[in-house]
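Text of work-v8.cif, listed as mmCIF, C-alpha atoms (C1' of nucleotides):
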```cif
data_final
#
loop_
_atom_site.label_atom_id
_atom_site.label_comp_id
_atom_site.auth_asym_id
_atom_site.auth_seq_id
_atom_site.Cartn_x
_atom_site.Cartn_y
_atom_site.Cartn_z
CA MET A 1 61.66 27.27 6.12
CA ARG A 2 63.10 27.82 2.66
CA LYS A 3 63.86 24.11 2.19
CA GLU A 4 60.23 23.10 2.53
CA LYS A 5 59.33 25.62 -0.14
CA THR A 6 61.84 24.08 -2.50
CA ILE A 7 60.56 20.57 -1.89
CA SER A 8 56.97 21.76 -2.35
CA LEU A 9 57.81 23.16 -5.74
CA TYR A 10 59.68 19.98 -6.61
CA LEU A 11 56.68 17.82 -5.75
CA GLU A 12 54.34 20.08 -7.68
CA LYS A 13 56.49 19.64 -10.76
CA PHE A 14 55.57 15.97 -10.59
CA GLY A 15 51.89 16.74 -10.13
CA ILE A 16 51.90 15.95 -6.43
CA ARG A 17 50.18 18.23 -3.96
CA PRO A 18 52.54 18.99 -1.13
CA SER A 19 51.46 18.15 2.39
CA VAL A 20 53.40 18.12 5.65
CA GLN A 21 53.78 14.37 5.42
CA ARG A 22 54.76 14.27 1.76
CA ILE A 23 57.30 17.05 2.20
CA ALA A 24 58.86 15.32 5.19
CA ILE A 25 59.12 12.01 3.37
CA ALA A 26 60.56 13.61 0.25
CA GLU A 27 63.05 15.56 2.34
CA TYR A 28 64.07 12.43 4.18
CA LEU A 29 64.69 10.61 0.90
CA MET A 30 66.85 13.45 -0.39
CA LYS A 31 68.89 13.88 2.76
CA HIS A 32 69.47 10.22 3.51
CA ARG A 33 71.07 8.31 0.69
CA THR A 34 70.66 5.00 2.55
CA HIS A 35 67.83 3.58 0.39
CA PRO A 36 65.51 3.36 3.38
CA THR A 37 62.50 1.10 3.83
CA ALA A 38 59.01 2.44 4.54
CA ASP A 39 59.44 1.36 8.12
CA GLU A 40 62.74 3.18 8.54
CA ILE A 41 61.22 6.37 7.19
CA PHE A 42 58.24 5.98 9.49
CA ALA A 43 60.49 5.47 12.51
CA ALA A 44 62.65 8.45 11.63
CA LEU A 45 59.76 10.85 11.06
CA SER A 46 57.27 9.85 13.73
CA SER A 47 58.93 12.00 16.40
CA GLN A 48 58.77 14.98 14.05
CA ILE A 49 55.18 14.20 12.99
CA PRO A 50 53.68 12.32 15.96
CA THR A 51 50.40 11.60 14.20
CA LEU A 52 52.12 10.07 11.18
CA SER A 53 50.69 6.75 10.13
CA LYS A 54 52.58 3.91 8.55
CA THR A 55 49.90 3.65 5.88
CA THR A 56 50.63 7.23 4.86
CA VAL A 57 54.28 6.39 4.42
CA TYR A 58 53.42 3.40 2.27
CA ASN A 59 50.90 5.38 0.21
CA THR A 60 53.25 8.29 -0.26
CA LEU A 61 56.17 6.15 -1.32
CA LYS A 62 53.95 4.37 -3.80
CA LEU A 63 52.79 7.72 -5.15
CA PHE A 64 56.38 8.96 -5.38
CA ALA A 65 57.47 5.87 -7.26
CA GLU A 66 54.57 6.10 -9.71
CA SER A 67 55.13 9.78 -10.43
CA GLY A 68 58.89 9.68 -10.66
CA VAL A 69 59.89 11.45 -7.44
CA ALA A 70 61.58 8.30 -6.16
CA THR A 71 62.55 4.87 -7.41
CA MET A 72 61.36 1.65 -5.91
CA LEU A 73 64.29 -0.69 -5.35
CA VAL A 74 63.47 -4.37 -5.23
CA ILE A 75 66.88 -5.55 -4.13
CA ASP A 76 66.42 -6.83 -0.61
CA GLU A 77 64.40 -9.99 -0.02
CA LYS A 78 62.92 -8.61 3.20
CA ASN A 79 61.68 -5.13 2.34
CA ILE A 80 61.21 -2.80 -0.55
CA ARG A 81 63.63 0.13 -0.51
CA PHE A 82 63.29 3.61 -1.93
CA ASP A 83 65.76 5.89 -3.60
CA GLY A 84 65.33 9.65 -3.87
CA GLU A 85 67.99 9.86 -6.55
CA THR A 86 66.16 9.31 -9.80
CA LYS A 87 69.06 9.74 -12.21
CA PRO A 88 69.83 6.24 -13.53
CA HIS A 89 72.63 4.64 -11.57
CA ALA A 90 73.79 1.24 -10.40
CA HIS A 91 73.85 -0.13 -6.84
CA LEU A 92 76.17 -2.18 -4.70
CA LYS A 93 74.67 -4.50 -2.12
CA CYS A 94 76.60 -6.27 0.60
CA LYS A 95 75.43 -9.87 0.90
CA LYS A 96 76.40 -9.93 4.57
CA CYS A 97 75.25 -6.68 6.22
CA GLY A 98 72.71 -5.75 3.56
CA LYS A 99 74.03 -2.22 3.08
CA ILE A 100 73.15 -0.67 -0.26
CA MET A 101 75.41 1.90 -1.88
CA ASP A 102 75.18 4.04 -4.98
CA VAL A 103 77.45 3.60 -7.96
CA MET A 104 77.20 6.79 -9.94
CA GLY A 105 80.05 6.31 -12.38
CA CYS A 106 79.14 3.10 -14.16
CA ARG A 107 77.52 3.08 -17.57
CA LEU A 108 74.33 1.04 -17.63
CA PRO A 109 73.87 -1.51 -20.40
CA ARG A 110 71.40 -0.81 -23.19
CA TYR A 111 69.10 -3.35 -24.72
CA ARG A 112 66.57 -3.09 -27.50
CA ARG A 113 64.16 -5.56 -28.93
CA LYS A 114 61.00 -5.13 -30.90
CA ASP A 115 58.66 -7.08 -28.65
CA PHE A 116 59.53 -5.25 -25.46
CA CYS A 117 59.63 -1.59 -24.50
CA VAL A 118 62.39 -0.97 -21.95
CA LEU A 119 61.58 1.91 -19.61
CA GLU A 120 64.09 1.41 -16.84
CA THR A 121 67.39 -0.40 -16.32
CA GLN A 122 68.52 -1.64 -12.94
CA VAL A 123 72.03 -2.88 -12.21
CA PHE A 124 72.98 -4.46 -8.90
CA PHE A 125 76.45 -5.61 -7.92
CA LEU A 126 76.25 -8.07 -5.05
CA GLY A 127 79.23 -8.96 -2.88
CA PHE A 128 80.98 -8.01 0.32
CA CYS A 129 81.72 -4.56 1.62
CA GLU A 130 85.06 -3.72 3.22
CA GLU A 131 83.90 -4.13 6.83
CA CYS A 132 82.23 -7.48 6.20
CA MET A 133 85.19 -8.71 4.17
CA SER A 134 87.58 -8.07 7.04
CA SER A 135 85.24 -9.69 9.55
CA ILE A 136 85.06 -12.78 7.33
CA ASN A 137 88.87 -12.93 7.15
CA HIS A 138 88.98 -12.64 10.90
CA ASN A 139 86.63 -15.56 11.32
CA ILE A 140 88.72 -17.74 9.04
CA ASN A 141 91.75 -17.13 11.23
CA ASN A 142 89.97 -18.32 14.35
CA MET B 1 64.30 -42.85 -15.43
CA ARG B 2 67.52 -41.68 -16.99
CA LYS B 3 66.70 -38.00 -16.39
CA GLU B 4 66.53 -38.47 -12.63
CA LYS B 5 69.95 -40.08 -12.70
CA THR B 6 71.38 -37.09 -14.54
CA ILE B 7 69.87 -34.63 -12.08
CA SER B 8 71.12 -36.73 -9.16
CA LEU B 9 74.65 -36.52 -10.46
CA TYR B 10 74.26 -32.82 -11.08
CA LEU B 11 73.12 -32.18 -7.52
CA GLU B 12 75.95 -34.31 -6.14
CA LYS B 13 78.45 -32.18 -8.01
CA PHE B 14 77.25 -29.30 -5.85
CA GLY B 15 77.52 -31.36 -2.67
CA ILE B 16 73.78 -31.91 -2.39
CA ARG B 17 72.39 -35.31 -1.57
CA PRO B 18 69.65 -36.15 -4.03
CA SER B 19 66.20 -36.98 -2.70
CA VAL B 20 62.90 -37.39 -4.47
CA GLN B 21 61.90 -33.85 -3.49
CA ARG B 22 65.18 -32.23 -4.43
CA ILE B 23 65.32 -33.98 -7.77
CA ALA B 24 61.77 -32.94 -8.59
CA ILE B 25 62.43 -29.31 -7.66
CA ALA B 26 65.68 -29.21 -9.62
CA GLU B 27 64.00 -30.81 -12.60
CA TYR B 28 61.17 -28.31 -12.44
CA LEU B 29 63.61 -25.41 -12.39
CA MET B 30 65.43 -26.78 -15.42
CA LYS B 31 62.35 -27.53 -17.46
CA HIS B 32 60.44 -24.36 -16.69
CA ARG B 33 62.29 -21.19 -17.55
CA THR B 34 59.56 -19.05 -15.98
CA HIS B 35 61.49 -18.00 -12.86
CA PRO B 36 58.92 -19.59 -10.58
CA THR B 37 58.16 -18.74 -6.98
CA ALA B 38 58.37 -21.30 -4.18
CA ASP B 39 54.60 -21.42 -4.16
CA GLU B 40 54.34 -22.06 -7.88
CA ILE B 41 56.80 -24.92 -7.60
CA PHE B 42 54.89 -26.33 -4.65
CA ALA B 43 51.60 -26.14 -6.54
CA ALA B 44 53.10 -27.77 -9.62
CA LEU B 45 54.73 -30.66 -7.78
CA SER B 46 52.23 -31.49 -5.08
CA SER B 47 50.18 -33.72 -7.37
CA GLN B 48 53.33 -35.64 -8.31
CA ILE B 49 54.54 -35.78 -4.67
CA PRO B 50 51.36 -35.61 -2.59
CA THR B 51 53.18 -35.46 0.74
CA LEU B 52 55.34 -32.54 -0.36
CA SER B 53 55.48 -29.73 2.14
CA LYS B 54 55.86 -26.07 1.36
CA THR B 55 58.63 -25.84 3.93
CA THR B 56 60.61 -28.41 1.96
CA VAL B 57 60.29 -26.31 -1.16
CA TYR B 58 61.51 -23.23 0.68
CA ASN B 59 64.37 -25.12 2.32
CA THR B 60 65.43 -26.76 -0.91
CA LEU B 61 65.40 -23.55 -2.90
CA LYS B 62 67.46 -21.86 -0.22
CA LEU B 63 69.92 -24.76 -0.31
CA PHE B 64 70.06 -24.59 -4.12
CA ALA B 65 70.73 -20.86 -4.04
CA GLU B 66 73.49 -21.22 -1.45
CA SER B 67 75.23 -24.02 -3.27
CA GLY B 68 74.95 -22.62 -6.77
CA VAL B 69 72.34 -24.93 -8.29
CA ALA B 70 69.94 -22.02 -8.74
CA THR B 71 69.91 -18.25 -8.45
CA MET B 72 67.63 -16.32 -6.16
CA LEU B 73 65.98 -13.54 -8.12
CA VAL B 74 64.86 -10.56 -6.05
CA ILE B 75 63.02 -8.76 -8.80
CA ASP B 76 59.37 -8.97 -7.89
CA GLU B 77 58.07 -7.04 -4.90
CA LYS B 78 55.68 -9.84 -3.96
CA ASN B 79 57.77 -13.00 -4.01
CA ILE B 80 61.26 -14.24 -4.41
CA ARG B 81 61.81 -16.04 -7.70
CA PHE B 82 64.26 -18.75 -8.63
CA ASP B 83 66.24 -19.36 -11.76
CA GLY B 84 67.73 -22.72 -12.70
CA GLU B 85 69.98 -21.10 -15.30
CA THR B 86 73.11 -20.12 -13.38
CA LYS B 87 75.13 -18.72 -16.26
CA PRO B 88 75.18 -14.94 -15.76
CA HIS B 89 72.47 -13.26 -17.81
CA ALA B 90 70.13 -10.28 -17.70
CA HIS B 91 66.36 -10.29 -17.26
CA LEU B 92 63.40 -8.45 -18.67
CA LYS B 93 60.43 -7.79 -16.43
CA CYS B 94 57.06 -6.53 -17.58
CA LYS B 95 55.79 -3.84 -15.23
CA LYS B 96 52.21 -4.74 -16.07
CA CYS B 97 51.84 -8.52 -16.12
CA GLY B 98 54.95 -9.26 -14.08
CA LYS B 99 56.34 -11.78 -16.57
CA ILE B 100 60.09 -12.29 -16.33
CA MET B 101 62.13 -13.27 -19.35
CA ASP B 102 65.76 -14.17 -19.93
CA VAL B 103 68.13 -12.02 -21.95
CA MET B 104 71.04 -14.23 -22.84
CA GLY B 105 72.82 -12.05 -25.36
CA CYS B 106 73.58 -8.90 -23.41
CA ARG B 107 76.98 -8.25 -21.92
CA LEU B 108 76.80 -7.45 -18.21
CA PRO B 109 78.65 -4.40 -16.94
CA ARG B 110 81.82 -4.85 -14.90
CA TYR B 111 82.74 -2.80 -11.89
CA ARG B 112 85.78 -2.87 -9.64
CA ARG B 113 86.63 -0.94 -6.56
CA LYS B 114 89.04 -1.64 -3.75
CA ASP B 115 86.58 -1.43 -0.86
CA PHE B 116 84.05 -3.87 -2.27
CA CYS B 117 84.31 -7.40 -3.61
CA VAL B 118 81.78 -7.97 -6.39
CA LEU B 119 80.61 -11.58 -6.59
CA GLU B 120 77.52 -11.30 -8.72
CA THR B 121 76.02 -8.85 -11.19
CA GLN B 122 72.30 -8.54 -11.79
CA VAL B 123 70.76 -6.60 -14.65
CA PHE B 124 67.03 -6.03 -14.96
CA PHE B 125 65.29 -4.25 -17.80
CA LEU B 126 61.84 -3.11 -16.72
CA GLY B 127 59.14 -2.12 -19.15
CA PHE B 128 56.20 -3.49 -21.07
CA CYS B 129 55.96 -6.74 -22.97
CA GLU B 130 54.30 -6.93 -26.35
CA GLU B 131 50.94 -8.20 -25.08
CA CYS B 132 50.68 -5.56 -22.36
CA MET B 133 51.79 -2.82 -24.72
CA SER B 134 48.99 -3.62 -27.16
CA SER B 135 46.44 -3.80 -24.35
CA ILE B 136 47.55 -0.36 -23.18
CA ASN B 137 47.16 1.03 -26.70
CA HIS B 138 43.74 -0.51 -26.84
CA ASN B 139 42.72 1.19 -23.60
CA ILE B 140 43.90 4.57 -24.86
CA ASN B 141 41.65 4.20 -27.90
CA ASN B 142 38.58 3.61 -25.76
"C1'" DT C 1 30.34 29.21 5.74
"C1'" DT C 2 29.30 25.22 3.20
"C1'" DT C 3 30.50 21.49 0.69
"C1'" DA C 4 32.99 18.30 -2.11
"C1'" DA C 5 37.32 16.28 -2.86
"C1'" DA C 6 41.71 14.89 -1.32
"C1'" DT C 7 44.54 13.20 2.28
"C1'" DT C 8 45.60 10.96 6.47
"C1'" DT C 9 44.89 7.72 10.00
"C1'" DG C 10 44.11 3.28 12.55
"C1'" DT C 11 42.66 -1.22 12.44
"C1'" DA C 12 42.08 -5.45 10.37
"C1'" DA C 13 43.35 -8.64 6.92
"C1'" DT C 14 46.53 -10.83 3.84
"C1'" DT C 15 50.33 -13.52 2.80
"C1'" DA C 16 55.28 -14.73 1.91
"C1'" DA C 17 58.67 -16.60 4.53
"C1'" DT C 18 60.69 -18.64 8.74
"C1'" DA C 19 61.11 -21.22 13.24
"C1'" DC C 20 60.71 -25.26 15.30
"C1'" DA C 21 59.97 -29.82 16.79
"C1'" DA C 22 58.11 -34.25 15.59
"C1'" DA C 23 58.11 -37.86 12.09
"C1'" DA C 24 60.18 -40.25 8.43
"C1'" DA C 25 63.91 -41.72 5.61
"C1'" DT C 26 68.66 -42.84 4.89
"C1'" DG C 27 73.07 -45.09 5.50
"C1'" DA C 28 76.83 -47.17 7.98
"C1'" DG C 29 78.41 -50.90 11.24
"C1'" DG C 30 77.78 -54.81 13.43
"C1'" DC D 1 68.69 -58.03 8.91
"C1'" DC D 2 68.84 -54.89 12.99
"C1'" DT D 3 70.40 -50.59 15.44
"C1'" DC D 4 71.51 -46.17 15.90
"C1'" DA D 5 72.95 -41.68 14.45
"C1'" DT D 6 72.28 -38.35 10.95
"C1'" DT D 7 69.80 -36.16 7.48
"C1'" DT D 8 65.66 -34.81 5.44
"C1'" DT D 9 60.90 -33.92 5.39
"C1'" DT D 10 56.67 -32.46 7.25
"C1'" DG D 11 53.00 -29.66 9.59
"C1'" DT D 12 51.91 -26.15 12.58
"C1'" DA D 13 52.55 -21.91 14.56
"C1'" DT D 14 54.69 -17.49 14.19
"C1'" DT D 15 56.59 -13.38 12.22
"C1'" DA D 16 56.44 -9.33 9.71
"C1'" DA D 17 55.85 -6.50 5.44
"C1'" DT D 18 52.29 -4.75 2.88
"C1'" DT D 19 47.57 -3.74 1.59
"C1'" DA D 20 42.44 -2.97 2.18
"C1'" DC D 21 39.22 -0.24 3.90
"C1'" DA D 22 36.45 3.00 6.14
"C1'" DA D 23 36.31 6.75 9.34
"C1'" DA D 24 38.34 11.14 10.48
"C1'" DT D 25 40.67 15.11 9.17
"C1'" DT D 26 42.35 18.58 6.15
"C1'" DT D 27 42.21 21.38 2.09
"C1'" DA D 28 40.42 24.29 -1.39
"C1'" DA D 29 36.93 26.20 -3.89
"C1'" DA D 30 32.28 28.25 -4.33
#
```

Starting from the file, lay out its structure as structure tokens.
Amino acid sequence: MRKEKTISLYLEKFGIRPSVQRIAIAEYLMKHRTHPTADEIFAALSSQIPTLSKTTVYNTLKLFAESGVATMLVIDEKNIRFDGETKPHAHLKCKKCGKIMDVMGCRLPRYRRKDFCVLETQVFFLGFCEECMSSINHNINN
Amino acid sequence: MRKEKTISLYLEKFGIRPSVQRIAIAEYLMKHRTHPTADEIFAALSSQIPTLSKTTVYNTLKLFAESGVATMLVIDEKNIRFDGETKPHAHLKCKKCGKIMDVMGCRLPRYRRKDFCVLETQVFFLGFCEECMSSINHNINN
DNA sequence: TTTAAATTTGTAATTAATACAAAAATGAGG
DNA sequence: CCTCATTTTTGTATTAATTACAAATTTAAA
């Protein structure tokens, strides 16, 4: 496939040797903008790659995060999530259903100080999504 | 002690009945601006309250977070941290030593959209603190 | 084809957090 | 001062995400 070739080249740009597993995980991250957990990625890919191991998924995601292919999102108290979009952007998180959404059009704050070297800025807006908001209203009326 | 009285009244304002354990945990959070984990709080208080149980610490911190006495900080991939300062403010986190520091003088971004109700905004600046930066420089020179 | 290095896999271990039920403390009424 | 219901605390057992580690497999180069 042409797509695999593209992802291979992309990974190589970050100094990562492409493998079937790494390509599949990278492709999953790019196609699904759901900020998946390692477990979700494992579940989604294990039919496609039956021998896939959960450890490989963990190792690969760690490698991706360290080399800049993906971002590690520490936003959910249960699991670590991963984001294939590496351009800086903010996130929305629903406090009820846990859904995480991208916010591309919001300028991130800047901060400088001499005794700290800022490399990355993360902005999370926590609240209620539309569906959960209406279900809360419904409950109040009962 | 007078301090306990003050903390009692503070907890009651949030609808929380004061108990020896709750007062001690609230006091710890106010005195120590280190964004401690449940385990750190447990370790620090168990000499003062020998019968203290880790479950109580977890329960109390959850109660505090739900009622607004403290903020739950999901910033570290290992543990949840808690912050007794509830005024909105940003945080710095060192990627090397894991230290978390407050940033009081940085305006948080605002974001509105009709299909989401923002209740809370979290801003994290990740990077290297002064000590870790100099240790990295030192390693490069070796 | 051989061999070393890199990658993947599976299992076991670790550990933060939660569930749950018993024990203890608290507070109101009598 | 008792009694009883409610709240809070405690300890143990469980859950589940992540990591450690070593064996197996794959890859790439000589």

Leaving out B:Tyr10 and any residue of its chain fewer than 5 positions from it, which residues lie within 12 Å of it when counting only C-alpha atoms (C1' of nucleotides), given as a ChimeraX atom specification?
-> /B:3-5,15-18,22-23,26-27,30,64,67-70

If we count all atoms listed in the file, which residues of chain A reach to within 10 Å of chain B? Please list them as a PyMOL selection string.
-> chain A and resi 72-80+90-95+103+105-112+114-133

Carefully work through the PyMOL selection byres ((chain C) within 8 of (chain A)) for this structure and note down the residues it includes, as a PyMOL selection string.
-> chain C and resi 8-10

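Superposing chain A on chain B by least squares over all C-alpha atoms, matched in sequence order, gives an RMSD of 0.1 Å.
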
Name every residue that the PyMOL selection byres ((chain B and resi 33) around 12) selects in this structure, writing the answer as a PyMOL selection string with chains first and numbers rising.
-> chain B and resi 26-32+34-37+41+70+81-86+91+99-103

Between atom CA of A:Met104 and atom CA of B:Lys96 - distance in Å to one decimal = 28.2 Å

May I ask you to extract the residues of chain D within 10 Å of chain A, using only C-alpha atoms (C1' of nucleotides), and to give them as number ranges by chain?
-> D: 16-19, 26-27

What gap, in Å, lies between atom CA of B:Thr60 and atom CA of A:Ser135?
->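 It comes out at 28.2 Å.
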
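Closest approach to A:Ile7 from the set A:Lys62, A:Ala44, A:Ser134, A:Ala24 is made by A:Ala24, with distances taken over all atoms listed in the file.
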
Skipping near chain neighbours, those fewer than 2 positions away, what residues fall within 10 Å of C:DT26 using all atoms listed in the file, listed as a list in words?
->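 Once the nearby chain positions are removed, what remains is Ser19 of chain B; DA24 and DA28 of chain C; DT6, DT7 and DT8 of chain D.
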
Take the residues that were just selected and, keeping C-alpha atoms (C1' of nucleotides), output them as an mmCIF file, in the frame of the given file.
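Final output, saved to selection.cif:
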```cif
data_model
loop_
_atom_site.group_PDB
_atom_site.id
_atom_site.type_symbol
_atom_site.label_atom_id
_atom_site.label_comp_id
_atom_site.auth_asym_id
_atom_site.auth_seq_id
_atom_site.Cartn_x
_atom_site.Cartn_y
_atom_site.Cartn_z
ATOM 1 C CA SER B 19 66.200 -36.980 -2.700
ATOM 2 C "C1'" DA C 24 60.180 -40.250 8.430
ATOM 3 C "C1'" DA C 28 76.830 -47.170 7.980
ATOM 4 C "C1'" DT D 6 72.280 -38.350 10.950
ATOM 5 C "C1'" DT D 7 69.800 -36.160 7.480
ATOM 6 C "C1'" DT D 8 65.660 -34.810 5.440
#
```

Find the distance between atom C1' of C:DG29 and atom C1' of D:DT10 and write it in Å to one decimal.
->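 One can read the atom C1' of C:DG29 to atom C1' of D:DT10 distance as 28.8 Å.
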
Name the residues that the PyMOL selection byres ((chain C and resi 12) around 10) pulls out of this structure, and write them as a list of chain:residue names.
->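 This file gives the following for the PyMOL selection byres ((chain C and resi 12) around 10): C:DG10, C:DT11, C:DA13, C:DT14, D:DA20, D:DC21.
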
Determine, counting only C-alpha atoms (C1' of nucleotides), which protein, DNA and RNA residues have an atom within 10 Å of an atom of D:DT15; residues of the same chain fewer than 4 positions away are not included. Present the result as number ranges by chain.
-> C: 17-19

With N, CA and C atoms as the goal, would you fill in the gaps in stretch 93-107 of chain B and present it as a PDB file, in the frame of the given file?
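Once everything was written out, this is selection-v8.pdb:
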```pdb
ATOM      1  N   LYS B  93      61.630  -7.616 -17.232  1.00  0.00           N
ATOM      2  CA  LYS B  93      60.430  -7.790 -16.430  1.00  0.00           C
ATOM      3  C   LYS B  93      59.340  -6.833 -16.878  1.00  0.00           C
ATOM      4  N   CYS B  94      58.180  -7.380 -17.175  1.00  0.00           N
ATOM      5  CA  CYS B  94      57.060  -6.530 -17.580  1.00  0.00           C
ATOM      6  C   CYS B  94      56.440  -5.904 -16.354  1.00  0.00           C
ATOM      7  N   LYS B  95      56.333  -4.581 -16.373  1.00  0.00           N
ATOM      8  CA  LYS B  95      55.790  -3.840 -15.230  1.00  0.00           C
ATOM      9  C   LYS B  95      54.292  -4.075 -15.082  1.00  0.00           C
ATOM     10  N   LYS B  96      53.656  -4.576 -16.125  1.00  0.00           N
ATOM     11  CA  LYS B  96      52.210  -4.740 -16.070  1.00  0.00           C
ATOM     12  C   LYS B  96      51.817  -6.153 -15.649  1.00  0.00           C
ATOM     13  N   CYS B  97      52.260  -7.149 -16.422  1.00  0.00           N
ATOM     14  CA  CYS B  97      51.840  -8.520 -16.120  1.00  0.00           C
ATOM     15  C   CYS B  97      52.833  -9.246 -15.215  1.00  0.00           C
ATOM     16  N   GLY B  98      54.003  -8.673 -15.009  1.00  0.00           N
ATOM     17  CA  GLY B  98      54.950  -9.260 -14.080  1.00  0.00           C
ATOM     18  C   GLY B  98      55.813 -10.377 -14.665  1.00  0.00           C
ATOM     19  N   LYS B  99      55.577 -10.713 -15.903  1.00  0.00           N
ATOM     20  CA  LYS B  99      56.340 -11.780 -16.570  1.00  0.00           C
ATOM     21  C   LYS B  99      57.840 -11.463 -16.574  1.00  0.00           C
ATOM     22  N   ILE B 100      58.646 -12.478 -16.328  1.00  0.00           N
ATOM     23  CA  ILE B 100      60.090 -12.290 -16.330  1.00  0.00           C
ATOM     24  C   ILE B 100      60.699 -13.154 -17.417  1.00  0.00           C
ATOM     25  N   MET B 101      61.530 -12.540 -18.234  1.00  0.00           N
ATOM     26  CA  MET B 101      62.130 -13.270 -19.350  1.00  0.00           C
ATOM     27  C   MET B 101      63.643 -13.176 -19.303  1.00  0.00           C
ATOM     28  N   ASP B 102      64.303 -14.186 -19.878  1.00  0.00           N
ATOM     29  CA  ASP B 102      65.760 -14.170 -19.930  1.00  0.00           C
ATOM     30  C   ASP B 102      66.261 -13.314 -21.087  1.00  0.00           C
ATOM     31  N   VAL B 103      67.409 -12.732 -20.877  1.00  0.00           N
ATOM     32  CA  VAL B 103      68.130 -12.020 -21.950  1.00  0.00           C
ATOM     33  C   VAL B 103      69.529 -12.614 -21.954  1.00  0.00           C
ATOM     34  N   MET B 104      69.750 -13.543 -22.875  1.00  0.00           N
ATOM     35  CA  MET B 104      71.040 -14.230 -22.840  1.00  0.00           C
ATOM     36  C   MET B 104      72.139 -13.438 -23.550  1.00  0.00           C
ATOM     37  N   GLY B 105      71.772 -12.665 -24.543  1.00  0.00           N
ATOM     38  CA  GLY B 105      72.820 -12.050 -25.360  1.00  0.00           C
ATOM     39  C   GLY B 105      73.103 -10.602 -25.037  1.00  0.00           C
ATOM     40  N   CYS B 106      73.292 -10.289 -23.784  1.00  0.00           N
ATOM     41  CA  CYS B 106      73.580  -8.900 -23.410  1.00  0.00           C
ATOM     42  C   CYS B 106      74.732  -8.900 -22.426  1.00  0.00           C
ATOM     43  N   ARG B 107      75.816  -8.246 -22.788  1.00  0.00           N
ATOM     44  CA  ARG B 107      76.980  -8.250 -21.920  1.00  0.00           C
ATOM     45  C   ARG B 107      76.694  -7.478 -20.625  1.00  0.00           C
TER      46      ARG B 107
END
```
